[in-house]
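Participant: Please find upload_39.txt (compact mmCIF, C-alpha atoms and all ligand atoms) on the next line:
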```txt
# COMPACT_ATOMS: atom_id res chain seq x y z
CA MET P 1 105.09 132.94 29.30
CA VAL P 2 101.55 134.29 29.81
CA ASP P 3 100.74 138.00 30.06
CA THR P 4 100.34 139.27 33.59
CA TYR P 5 96.96 140.45 34.83
CA THR P 6 98.26 144.03 34.72
CA GLU P 7 99.36 143.72 31.09
CA ARG P 8 96.03 142.20 30.16
CA ALA P 9 93.94 144.91 31.82
CA ALA P 10 94.98 147.33 29.07
CA HIS P 11 93.21 145.19 26.44
CA TYR P 12 89.71 145.45 27.90
CA THR P 13 87.18 148.26 27.83
CA ASN P 14 84.49 146.79 30.08
CA SER P 15 84.70 148.47 33.49
CA VAL P 16 83.97 145.23 35.38
CA VAL P 17 87.15 143.72 33.95
CA GLN P 18 89.19 146.76 34.98
CA ARG P 19 87.79 146.48 38.50
CA LEU P 20 88.51 142.74 38.61
CA PHE P 21 92.12 143.08 37.51
CA GLY P 22 92.60 145.84 40.10
CA ILE P 23 91.28 143.58 42.87
CA ILE P 24 93.38 140.61 41.70
CA GLN P 25 96.54 142.71 41.86
CA ARG P 26 95.73 144.42 45.18
CA LYS P 27 94.89 141.15 46.92
CA ASN P 28 97.25 138.80 45.05
CA SER P 29 94.27 136.54 44.57
CA ASN P 30 92.70 134.82 41.57
CA LEU P 31 90.36 132.88 43.85
CA CYS P 32 86.57 132.89 43.55
CA VAL P 33 84.65 131.19 46.33
CA ALA P 34 81.41 129.44 45.36
CA ALA P 35 79.33 130.14 48.47
CA ASP P 36 76.64 127.51 48.03
CA LEU P 37 75.01 127.89 51.44
CA THR P 38 71.25 128.00 51.96
CA ARG P 39 70.92 130.31 55.00
CA LYS P 40 71.75 133.98 54.84
CA THR P 41 73.46 134.21 58.24
CA ALA P 42 75.74 131.27 57.43
CA LEU P 43 76.46 132.74 54.01
CA LEU P 44 77.29 136.21 55.37
CA THR P 45 79.51 134.67 58.06
CA LEU P 46 81.38 132.72 55.37
CA VAL P 47 81.78 135.80 53.18
CA ASP P 48 83.11 137.88 56.07
CA ALA P 49 85.65 135.13 56.87
CA VAL P 50 86.94 134.44 53.34
CA GLY P 51 86.43 137.97 51.99
CA PRO P 52 90.06 139.08 52.48
CA TYR P 53 91.35 136.22 50.29
CA ILE P 54 89.03 136.31 47.28
CA CYS P 55 88.71 138.42 44.15
CA VAL P 56 85.18 137.20 43.35
CA LEU P 57 82.29 135.82 45.37
CA LYS P 58 80.05 133.45 43.43
CA THR P 59 76.43 133.10 44.53
CA HIS P 60 73.42 130.91 43.73
CA ILE P 61 70.87 133.33 45.09
CA ASP P 62 67.92 130.98 44.47
CA ILE P 63 69.17 128.37 46.96
CA LEU P 64 68.76 130.78 49.89
CA GLU P 65 65.81 129.76 52.06
CA ASP P 66 65.48 133.09 53.86
CA PHE P 67 66.37 135.59 51.13
CA ASP P 68 65.31 139.20 51.59
CA GLN P 69 66.53 142.62 50.45
CA GLU P 70 68.26 143.10 53.79
CA PHE P 71 70.55 140.22 52.78
CA ILE P 72 71.62 142.14 49.66
CA ARG P 73 72.32 145.26 51.74
CA ARG P 74 74.54 143.28 54.12
CA LEU P 75 76.27 141.49 51.25
CA GLN P 76 77.09 144.87 49.72
CA GLU P 77 78.52 146.05 53.06
CA LEU P 78 80.84 143.05 53.04
CA GLN P 79 81.72 143.73 49.42
CA ALA P 80 82.77 147.27 50.34
CA ARG P 81 84.72 146.06 53.37
CA HIS P 82 86.60 143.25 51.63
CA ASP P 83 86.87 144.44 48.01
CA PHE P 84 85.54 141.67 45.74
CA LEU P 85 83.17 141.34 42.79
CA ILE P 86 79.89 139.42 43.02
CA PHE P 87 79.17 136.78 40.37
CA GLU P 88 75.63 135.37 40.36
CA ASP P 89 75.94 131.93 38.73
CA ARG P 90 72.39 132.12 37.29
CA LYS P 91 73.12 130.22 34.05
CA PHE P 92 70.38 131.98 32.09
CA ALA P 93 69.10 129.84 29.22
CA ASP P 94 65.89 131.34 27.79
CA ILE P 95 64.97 133.75 24.98
CA GLY P 96 66.16 137.35 25.23
CA ASN P 97 62.91 138.89 26.44
CA THR P 98 62.53 136.35 29.24
CA VAL P 99 66.12 136.48 30.48
CA LYS P 100 65.96 140.27 30.59
CA LEU P 101 62.99 139.97 32.97
CA GLN P 102 64.66 137.21 34.99
CA TYR P 103 67.80 139.34 35.27
CA THR P 104 66.20 142.65 36.25
CA SER P 105 62.90 141.72 37.94
CA GLY P 106 61.31 139.14 40.22
CA ILE P 107 62.35 138.72 43.84
CA TYR P 108 66.09 138.81 43.25
CA LYS P 109 66.67 141.74 40.83
CA ILE P 110 70.04 140.21 39.97
CA SER P 111 71.18 143.05 37.73
CA SER P 112 70.96 145.50 40.64
CA TRP P 113 73.69 143.81 42.69
CA ALA P 114 75.61 141.16 40.66
CA ASP P 115 78.65 142.59 38.88
CA ILE P 116 78.89 139.45 36.76
CA THR P 117 76.39 136.81 35.70
CA ASN P 118 76.48 133.99 33.18
CA ALA P 119 74.41 132.41 30.43
CA HIS P 120 74.23 129.34 28.24
CA PRO P 121 74.78 130.19 24.55
CA LEU P 122 72.15 127.56 23.63
CA PRO P 123 69.30 129.98 22.66
CA GLY P 124 71.47 132.03 20.27
CA ASP P 125 72.53 135.72 20.24
CA GLY P 126 69.17 136.94 21.58
CA ILE P 127 70.08 135.78 25.07
CA VAL P 128 73.06 138.14 25.10
CA ALA P 129 70.98 140.98 23.62
CA GLY P 130 68.33 140.57 26.33
CA LEU P 131 70.82 140.47 29.19
CA LYS P 132 72.78 143.35 27.71
CA GLU P 133 69.67 145.55 27.90
CA GLY P 134 69.42 144.74 31.59
CA GLY P 135 73.10 145.05 32.48
CA LEU P 136 75.30 147.07 30.16
CA GLU P 137 74.21 150.50 31.38
CA LYS P 138 74.70 149.36 34.98
CA GLY P 139 78.31 148.44 34.18
CA ARG P 140 77.78 144.67 34.42
CA GLY P 141 79.58 141.88 32.56
CA LEU P 142 78.52 138.47 31.22
CA LEU P 143 80.32 135.14 31.07
CA LEU P 144 79.18 132.57 28.49
CA LEU P 145 79.26 128.89 29.40
CA ALA P 146 81.70 127.52 26.84
CA GLU P 147 82.32 124.31 28.79
CA MET P 148 81.11 122.65 31.99
CA SER P 149 83.12 120.72 34.55
CA SER P 150 80.66 117.85 34.90
CA GLU P 151 81.15 114.45 33.33
CA GLY P 152 79.31 113.99 30.04
CA SER P 153 78.84 117.73 29.46
CA MET P 154 77.55 118.44 25.94
CA ALA P 155 79.27 121.82 25.84
CA THR P 156 82.21 120.62 23.72
CA GLY P 157 83.53 120.80 20.16
CA SER P 158 81.45 122.84 17.72
CA TYR P 159 79.14 124.00 20.55
CA THR P 160 82.12 125.54 22.34
CA GLU P 161 83.33 127.07 19.05
CA SER P 162 79.90 128.66 18.44
CA CYS P 163 79.99 130.02 21.96
CA ILE P 164 83.34 131.71 21.26
CA SER P 165 81.91 133.31 18.08
CA MET P 166 78.94 134.59 20.06
CA ALA P 167 81.31 136.21 22.55
CA GLN P 168 83.32 137.82 19.74
CA ARG P 169 80.15 139.39 18.35
CA ASN P 170 79.29 140.87 21.76
CA LYS P 171 82.58 142.08 23.19
CA ASP P 172 81.07 145.13 24.88
CA PHE P 173 79.14 142.96 27.34
CA VAL P 174 80.63 139.46 27.20
CA ILE P 175 83.81 139.56 29.29
CA GLY P 176 84.72 135.90 29.05
CA PHE P 177 83.78 132.29 29.59
CA VAL P 178 83.21 129.63 32.15
CA ALA P 179 85.56 126.95 30.85
CA GLY P 180 88.27 124.56 31.91
CA ARG P 181 90.95 126.11 29.73
CA LYS P 182 91.79 129.10 27.58
CA VAL P 183 89.31 128.44 24.79
CA SER P 184 90.12 131.47 22.63
CA ASP P 185 93.14 133.62 21.79
CA ASP P 186 91.06 136.78 22.18
CA ASP P 187 91.07 138.88 25.30
CA PHE P 188 88.44 136.97 27.20
CA LEU P 189 88.56 135.97 30.84
CA VAL P 190 88.32 132.31 31.80
CA PHE P 191 86.61 131.36 35.07
CA THR P 192 87.13 127.70 35.98
CA PRO P 193 84.95 125.64 38.34
CA GLY P 194 85.71 122.09 39.43
CA VAL P 195 88.84 122.96 41.42
CA SER P 196 90.03 121.03 44.46
CA LEU P 197 93.34 120.25 46.12
CA ASP P 198 92.05 117.12 47.81
CA THR P 199 89.33 115.44 45.73
CA SER P 200 89.02 114.24 42.13
CA ARG P 201 85.22 113.93 41.86
CA ASP P 202 81.90 114.00 43.72
CA SER P 203 78.97 111.58 43.55
CA PHE P 204 77.16 113.62 40.84
CA GLY P 205 79.85 113.62 38.15
CA GLN P 206 81.63 116.80 39.18
CA GLN P 207 85.27 116.51 38.04
CA TYR P 208 88.05 118.33 39.90
CA ARG P 209 91.48 119.53 38.93
CA THR P 210 94.03 121.34 41.07
CA PRO P 211 94.50 125.13 41.00
CA GLN P 212 97.80 124.60 39.20
CA GLN P 213 96.24 122.39 36.52
CA ALA P 214 93.51 124.99 35.95
CA ILE P 215 95.92 127.94 35.75
CA ASP P 216 98.33 126.00 33.52
CA SER P 217 95.40 125.36 31.16
CA GLY P 218 94.84 129.11 30.85
CA SER P 219 92.32 129.82 33.59
CA ASP P 220 92.27 133.36 35.02
CA VAL P 221 90.00 132.83 38.02
CA ILE P 222 89.65 129.53 39.88
CA ILE P 223 86.29 128.70 41.48
CA VAL P 224 86.29 126.66 44.69
CA GLY P 225 83.13 125.67 46.56
CA ARG P 226 83.06 122.71 48.93
CA GLY P 227 86.85 122.68 49.19
CA ILE P 228 86.48 125.92 51.18
CA TYR P 229 82.97 126.26 52.63
CA GLY P 230 82.87 122.55 53.47
CA ALA P 231 86.09 122.72 55.52
CA GLU P 232 86.34 122.87 59.27
CA ASP P 233 88.43 126.03 59.07
CA VAL P 234 87.31 128.06 56.07
CA VAL P 235 89.99 130.73 56.57
CA VAL P 236 92.82 128.19 56.50
CA GLU P 237 91.42 126.66 53.30
CA ALA P 238 90.73 130.03 51.65
CA LYS P 239 94.35 131.03 52.26
CA ARG P 240 95.58 127.66 50.99
CA TYR P 241 93.63 127.98 47.72
CA ARG P 242 94.52 131.66 47.35
CA ASP P 243 98.20 130.83 47.75
CA ALA P 244 98.04 127.82 45.40
CA GLY P 245 96.26 129.83 42.70
CA TRP P 246 98.62 132.78 43.03
CA ALA P 247 101.77 130.62 43.03
CA ALA P 248 100.57 128.85 39.87
CA TYR P 249 99.90 132.21 38.21
CA LEU P 250 103.31 133.60 39.16
CA ALA P 251 105.04 130.47 37.86
CA ALA P 252 103.06 130.61 34.59
CA SER P 253 103.81 134.29 34.04
CA LEU P 254 107.57 133.70 34.50
CA GLU P 255 107.85 130.59 32.35
N1 LIG Z 301 79.80 125.16 38.49
C1 LIG Z 301 80.44 123.97 38.29
N2 LIG Z 301 80.72 123.55 37.01
C2 LIG Z 301 80.37 124.26 35.93
C3 LIG Z 301 79.71 125.50 36.15
C4 LIG Z 301 79.45 125.93 37.43
O1 LIG Z 301 80.81 123.27 39.23
O2 LIG Z 301 80.65 123.85 34.80
I1 LIG Z 301 79.17 126.62 34.58
C5 LIG Z 301 79.50 125.69 39.84
C6 LIG Z 301 78.63 124.81 40.71
C7 LIG Z 301 79.11 125.17 42.09
C8 LIG Z 301 80.58 125.47 41.90
O3 LIG Z 301 78.46 126.36 42.52
O4 LIG Z 301 80.73 125.90 40.55
C9 LIG Z 301 81.53 124.32 42.17
O5 LIG Z 301 81.37 123.90 43.51
P1 LIG Z 301 82.29 122.75 44.16
O6 LIG Z 301 83.73 123.30 44.21
O7 LIG Z 301 81.70 122.58 45.53
O8 LIG Z 301 82.17 121.51 43.30
```
Represent the supplied structure as C-alpha cells.

Facilitator:
Amino acid sequence: MVDTYTERAAHYTNSVVQRLFGIIQRKNSNLCVAADLTRKTALLTLVDAVGPYICVLKTHIDILEDFDQEFIRRLQELQARHDFLIFEDRKFADIGNTVKLQYTSGIYKISSWADITNAHPLPGDGIVAGLKEGGLEKGRGLLLLAEMSSEGSMATGSYTESCISMAQRNKDFVIGFVAGRKVSDDDFLVFTPGVSLDTSRDSFGQQYRTPQQAIDSGSDVIIVGRGIYGAEDVVVEAKRYRDAGWAAYLAASLE
C-alpha cells in the first residue's frame, strides 16, 4: 500500500508541493501534459482544451517560434482558469552562475512564470545553488534528472545515486526527480516521462510504458506528450490518460 497524495502532503514544506497535491486531489488527476508545440496559438488552444484534466503543464519554451510576453500573460490566464502548475522542462546543465542567469534573465525569464523547472545533476551542487538563488524566494521548486526515458541513457547506477544525495542536501528547493520509478525512500516527488497507452517506442530511442506501469513503479505524476497532443481528439485522450493514471493510483493506494 502506498501513501495517498493527501497523506504525503504533510511531509513537505515547499509551497509548490502543497499546491500540487491540492490540485491533484481537487482534479483527481496525476497527469502532466508535455505540450511540445511550436506555435503559441496552437499551444494555447491545446492548453485550454486539456486544462481541466491535468495537474501540471510541461513546456519547452524555446521551441516556440513566435514567443512573446503576451504568450506568458495568456498562459497565466489559462493557469488561473484551469488550476494547474507550469513545469518548464529546461534541463539546465551549466555552472551555478550561468544557470541562474538562464533561469531569471534572457528572453524567457523562466523563473517569473514556471512553478517547477529541472536540472541535470552533472555539474555538481553549484547548479542547485545557482537555481535556488533565482527561484526559492519566488516559491519555485526544482526536479533533478535522476534518470531519462531514452534508450542508452547514462543517468543510471552511481550517477542516479549521486543525484539522490544532491537532492537530500537541498531539500528546501529540490522537490523531487524526473525518473522512471521511485528512486529514493525520502519524500521526493517522481515525475515520469515516456508514458503511452498505445506505443512502445519512437524512432529516436524514446521508450514508453503505460500509466499503470509508471504508477506501479512509484511515479507520482505521469508525463504524456504525443499520446495527447498528437491525437485527433485531444480531450478524449487527455481524459483517457487522466482516468488511467488515477485508476492506477487508486489501485496502488488500496493494495
Ligand atoms: N522527456 C522525456 N524523457 C526524459 C525527460 C524528458 O521524454 O527522460 I528528463 C520529455 C520530452 C518530451 C516529453 O517533452 O517528456 C515526452 O514526450 P512524448 O510523450 O511525446 O514522448

Participant: Closest to Val178 in chain P among P:Leu144, P:Leu197, P:Val17, P:Cys163, using only C-alpha atoms?

Facilitator: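 Going through P:Leu144, P:Leu197, P:Val17, P:Cys163 one by one, the smallest distance to Val178 in chain P is for P:Leu144.
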
Participant: Per residue of chain P within 8 Å of ligand LIG 301 (chain Z), which atom pair is closest and at what distance in Å (one decimal), using only C-alpha atoms and all ligand atoms, listed by chain and increasing number, as CSV?

Facilitator:
```
residue,atom,partner,partner_atom,distance
P:Ala34,CA,Z:LIG301,O3,5.1
P:Ala35,CA,Z:LIG301,O3,7.1
P:Asp36,CA,Z:LIG301,O3,5.9
P:Lys58,CA,Z:LIG301,O3,7.3
P:Thr59,CA,Z:LIG301,O3,7.3
P:His60,CA,Z:LIG301,O3,6.9
P:Asp89,CA,Z:LIG301,C4,7.1
P:Lys91,CA,Z:LIG301,I1,7.1
P:Asn118,CA,Z:LIG301,I1,8.0
P:Leu145,CA,Z:LIG301,I1,5.7
P:Glu147,CA,Z:LIG301,O2,6.3
P:Met148,CA,Z:LIG301,O2,3.1
P:Ser149,CA,Z:LIG301,O2,4.0
P:Ser150,CA,Z:LIG301,O2,6.0
P:Val178,CA,Z:LIG301,I1,5.6
P:Ala179,CA,Z:LIG301,O2,7.0
P:Thr192,CA,Z:LIG301,C2,7.6
P:Pro193,CA,Z:LIG301,O4,4.8
P:Gly194,CA,Z:LIG301,O1,5.0
P:Val195,CA,Z:LIG301,O6,5.8
P:Ser196,CA,Z:LIG301,O6,6.7
P:Asp202,CA,Z:LIG301,O8,7.5
P:Gln206,CA,Z:LIG301,O8,6.3
P:Gln207,CA,Z:LIG301,O8,7.9
P:Tyr208,CA,Z:LIG301,O8,7.5
P:Ile223,CA,Z:LIG301,O4,6.3
P:Val224,CA,Z:LIG301,O6,4.3
P:Gly225,CA,Z:LIG301,O6,3.4
P:Arg226,CA,Z:LIG301,O7,3.7
P:Gly227,CA,Z:LIG301,O6,5.9
P:Ile228,CA,Z:LIG301,O6,7.9
```

Participant: Just to be explicit: take each residue in the selection above, keep C-alpha atoms, and write the result as a PDB file, in the coordinates of the input.

Facilitator:
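Final output, saved to selection26.pdb:
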```
ATOM      1  CA  ALA P  34      81.410 129.440  45.360  1.00  0.00           C
ATOM      2  CA  ALA P  35      79.330 130.140  48.470  1.00  0.00           C
ATOM      3  CA  ASP P  36      76.640 127.510  48.030  1.00  0.00           C
ATOM      4  CA  LYS P  58      80.050 133.450  43.430  1.00  0.00           C
ATOM      5  CA  THR P  59      76.430 133.100  44.530  1.00  0.00           C
ATOM      6  CA  HIS P  60      73.420 130.910  43.730  1.00  0.00           C
ATOM      7  CA  ASP P  89      75.940 131.930  38.730  1.00  0.00           C
ATOM      8  CA  LYS P  91      73.120 130.220  34.050  1.00  0.00           C
ATOM      9  CA  ASN P 118      76.480 133.990  33.180  1.00  0.00           C
ATOM     10  CA  LEU P 145      79.260 128.890  29.400  1.00  0.00           C
ATOM     11  CA  GLU P 147      82.320 124.310  28.790  1.00  0.00           C
ATOM     12  CA  MET P 148      81.110 122.650  31.990  1.00  0.00           C
ATOM     13  CA  SER P 149      83.120 120.720  34.550  1.00  0.00           C
ATOM     14  CA  SER P 150      80.660 117.850  34.900  1.00  0.00           C
ATOM     15  CA  VAL P 178      83.210 129.630  32.150  1.00  0.00           C
ATOM     16  CA  ALA P 179      85.560 126.950  30.850  1.00  0.00           C
ATOM     17  CA  THR P 192      87.130 127.700  35.980  1.00  0.00           C
ATOM     18  CA  PRO P 193      84.950 125.640  38.340  1.00  0.00           C
ATOM     19  CA  GLY P 194      85.710 122.090  39.430  1.00  0.00           C
ATOM     20  CA  VAL P 195      88.840 122.960  41.420  1.00  0.00           C
ATOM     21  CA  SER P 196      90.030 121.030  44.460  1.00  0.00           C
ATOM     22  CA  ASP P 202      81.900 114.000  43.720  1.00  0.00           C
ATOM     23  CA  GLN P 206      81.630 116.800  39.180  1.00  0.00           C
ATOM     24  CA  GLN P 207      85.270 116.510  38.040  1.00  0.00           C
ATOM     25  CA  TYR P 208      88.050 118.330  39.900  1.00  0.00           C
ATOM     26  CA  ILE P 223      86.290 128.700  41.480  1.00  0.00           C
ATOM     27  CA  VAL P 224      86.290 126.660  44.690  1.00  0.00           C
ATOM     28  CA  GLY P 225      83.130 125.670  46.560  1.00  0.00           C
ATOM     29  CA  ARG P 226      83.060 122.710  48.930  1.00  0.00           C
ATOM     30  CA  GLY P 227      86.850 122.680  49.190  1.00  0.00           C
ATOM     31  CA  ILE P 228      86.480 125.920  51.180  1.00  0.00           C
TER      32      ILE P 228
END
```

Participant: So that I can see what lies close to Asp3 in chain P, please list as a VMD selection string the residues with an atom at most 7 Å from it, counting only C-alpha atoms and leaving out residues fewer than 4 positions away in the same chain.

Facilitator: chain P and resid 7 to 8 253

Participant: I'd like the interatomic distance between CA of Gln168 in chain P and CA of Asp186 in chain P, to a tenth of an Å.

Facilitator: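 If I compute the distance from CA of Gln168 in chain P to CA of Asp186 in chain P, I get 8.2 Å.
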
Participant: Just the residues within 9 Å of range 48-57 of chain P, please, counting all atoms listed in the file, with nothing from its chain fewer than 3 positions along; format it as a PyMOL selection string.

Facilitator: chain P and resi 20-21+23-24+27-35+43-45+78-79+81-88+221+223+228+234-235+237-239+241-242

Participant: Let me see the file: selected residues, C-alpha atoms, as a PDB file, in the frame of the given file.

Facilitator:
```pdb
ATOM      1  CA  LEU P  20      88.510 142.740  38.610  1.00  0.00           C
ATOM      2  CA  PHE P  21      92.120 143.080  37.510  1.00  0.00           C
ATOM      3  CA  ILE P  23      91.280 143.580  42.870  1.00  0.00           C
ATOM      4  CA  ILE P  24      93.380 140.610  41.700  1.00  0.00           C
ATOM      5  CA  LYS P  27      94.890 141.150  46.920  1.00  0.00           C
ATOM      6  CA  ASN P  28      97.250 138.800  45.050  1.00  0.00           C
ATOM      7  CA  SER P  29      94.270 136.540  44.570  1.00  0.00           C
ATOM      8  CA  ASN P  30      92.700 134.820  41.570  1.00  0.00           C
ATOM      9  CA  LEU P  31      90.360 132.880  43.850  1.00  0.00           C
ATOM     10  CA  CYS P  32      86.570 132.890  43.550  1.00  0.00           C
ATOM     11  CA  VAL P  33      84.650 131.190  46.330  1.00  0.00           C
ATOM     12  CA  ALA P  34      81.410 129.440  45.360  1.00  0.00           C
ATOM     13  CA  ALA P  35      79.330 130.140  48.470  1.00  0.00           C
ATOM     14  CA  LEU P  43      76.460 132.740  54.010  1.00  0.00           C
ATOM     15  CA  LEU P  44      77.290 136.210  55.370  1.00  0.00           C
ATOM     16  CA  THR P  45      79.510 134.670  58.060  1.00  0.00           C
ATOM     17  CA  LEU P  78      80.840 143.050  53.040  1.00  0.00           C
ATOM     18  CA  GLN P  79      81.720 143.730  49.420  1.00  0.00           C
ATOM     19  CA  ARG P  81      84.720 146.060  53.370  1.00  0.00           C
ATOM     20  CA  HIS P  82      86.600 143.250  51.630  1.00  0.00           C
ATOM     21  CA  ASP P  83      86.870 144.440  48.010  1.00  0.00           C
ATOM     22  CA  PHE P  84      85.540 141.670  45.740  1.00  0.00           C
ATOM     23  CA  LEU P  85      83.170 141.340  42.790  1.00  0.00           C
ATOM     24  CA  ILE P  86      79.890 139.420  43.020  1.00  0.00           C
ATOM     25  CA  PHE P  87      79.170 136.780  40.370  1.00  0.00           C
ATOM     26  CA  GLU P  88      75.630 135.370  40.360  1.00  0.00           C
ATOM     27  CA  VAL P 221      90.000 132.830  38.020  1.00  0.00           C
ATOM     28  CA  ILE P 223      86.290 128.700  41.480  1.00  0.00           C
ATOM     29  CA  ILE P 228      86.480 125.920  51.180  1.00  0.00           C
ATOM     30  CA  VAL P 234      87.310 128.060  56.070  1.00  0.00           C
ATOM     31  CA  VAL P 235      89.990 130.730  56.570  1.00  0.00           C
ATOM     32  CA  GLU P 237      91.420 126.660  53.300  1.00  0.00           C
ATOM     33  CA  ALA P 238      90.730 130.030  51.650  1.00  0.00           C
ATOM     34  CA  LYS P 239      94.350 131.030  52.260  1.00  0.00           C
ATOM     35  CA  TYR P 241      93.630 127.980  47.720  1.00  0.00           C
ATOM     36  CA  ARG P 242      94.520 131.660  47.350  1.00  0.00           C
TER      37      ARG P 242
END
```

Participant: Between P:Gly152, P:Pro211, P:Gly106, P:Gly176, which has the minimum distance to Ala119 in chain P (counting only C-alpha atoms)?

Facilitator: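 Once distances to Ala119 in chain P are computed over only C-alpha atoms, the minimum belongs to P:Gly176.
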
Participant: Any idea what the distance is between CA of Ser184 in chain P and CA of Val2 in chain P?

Facilitator: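 Computing the Euclidean distance for CA of Ser184 in chain P and CA of Val2 in chain P yields 13.8 Å.
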
Participant: Closest to Phe173 in chain P among P:Val16, P:Leu122, P:Ile63, P:Ala42, using only C-alpha atoms?

Facilitator: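 Of the candidates, the smallest distance to Phe173 in chain P is held by P:Val16.
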
Participant: Which value, in Å to one decimal, gives the distance between CA of Ser112 in chain P and CA of Gln18 in chain P?

Facilitator: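 Between CA of Ser112 in chain P and CA of Gln18 in chain P the gap is 19.1 Å.
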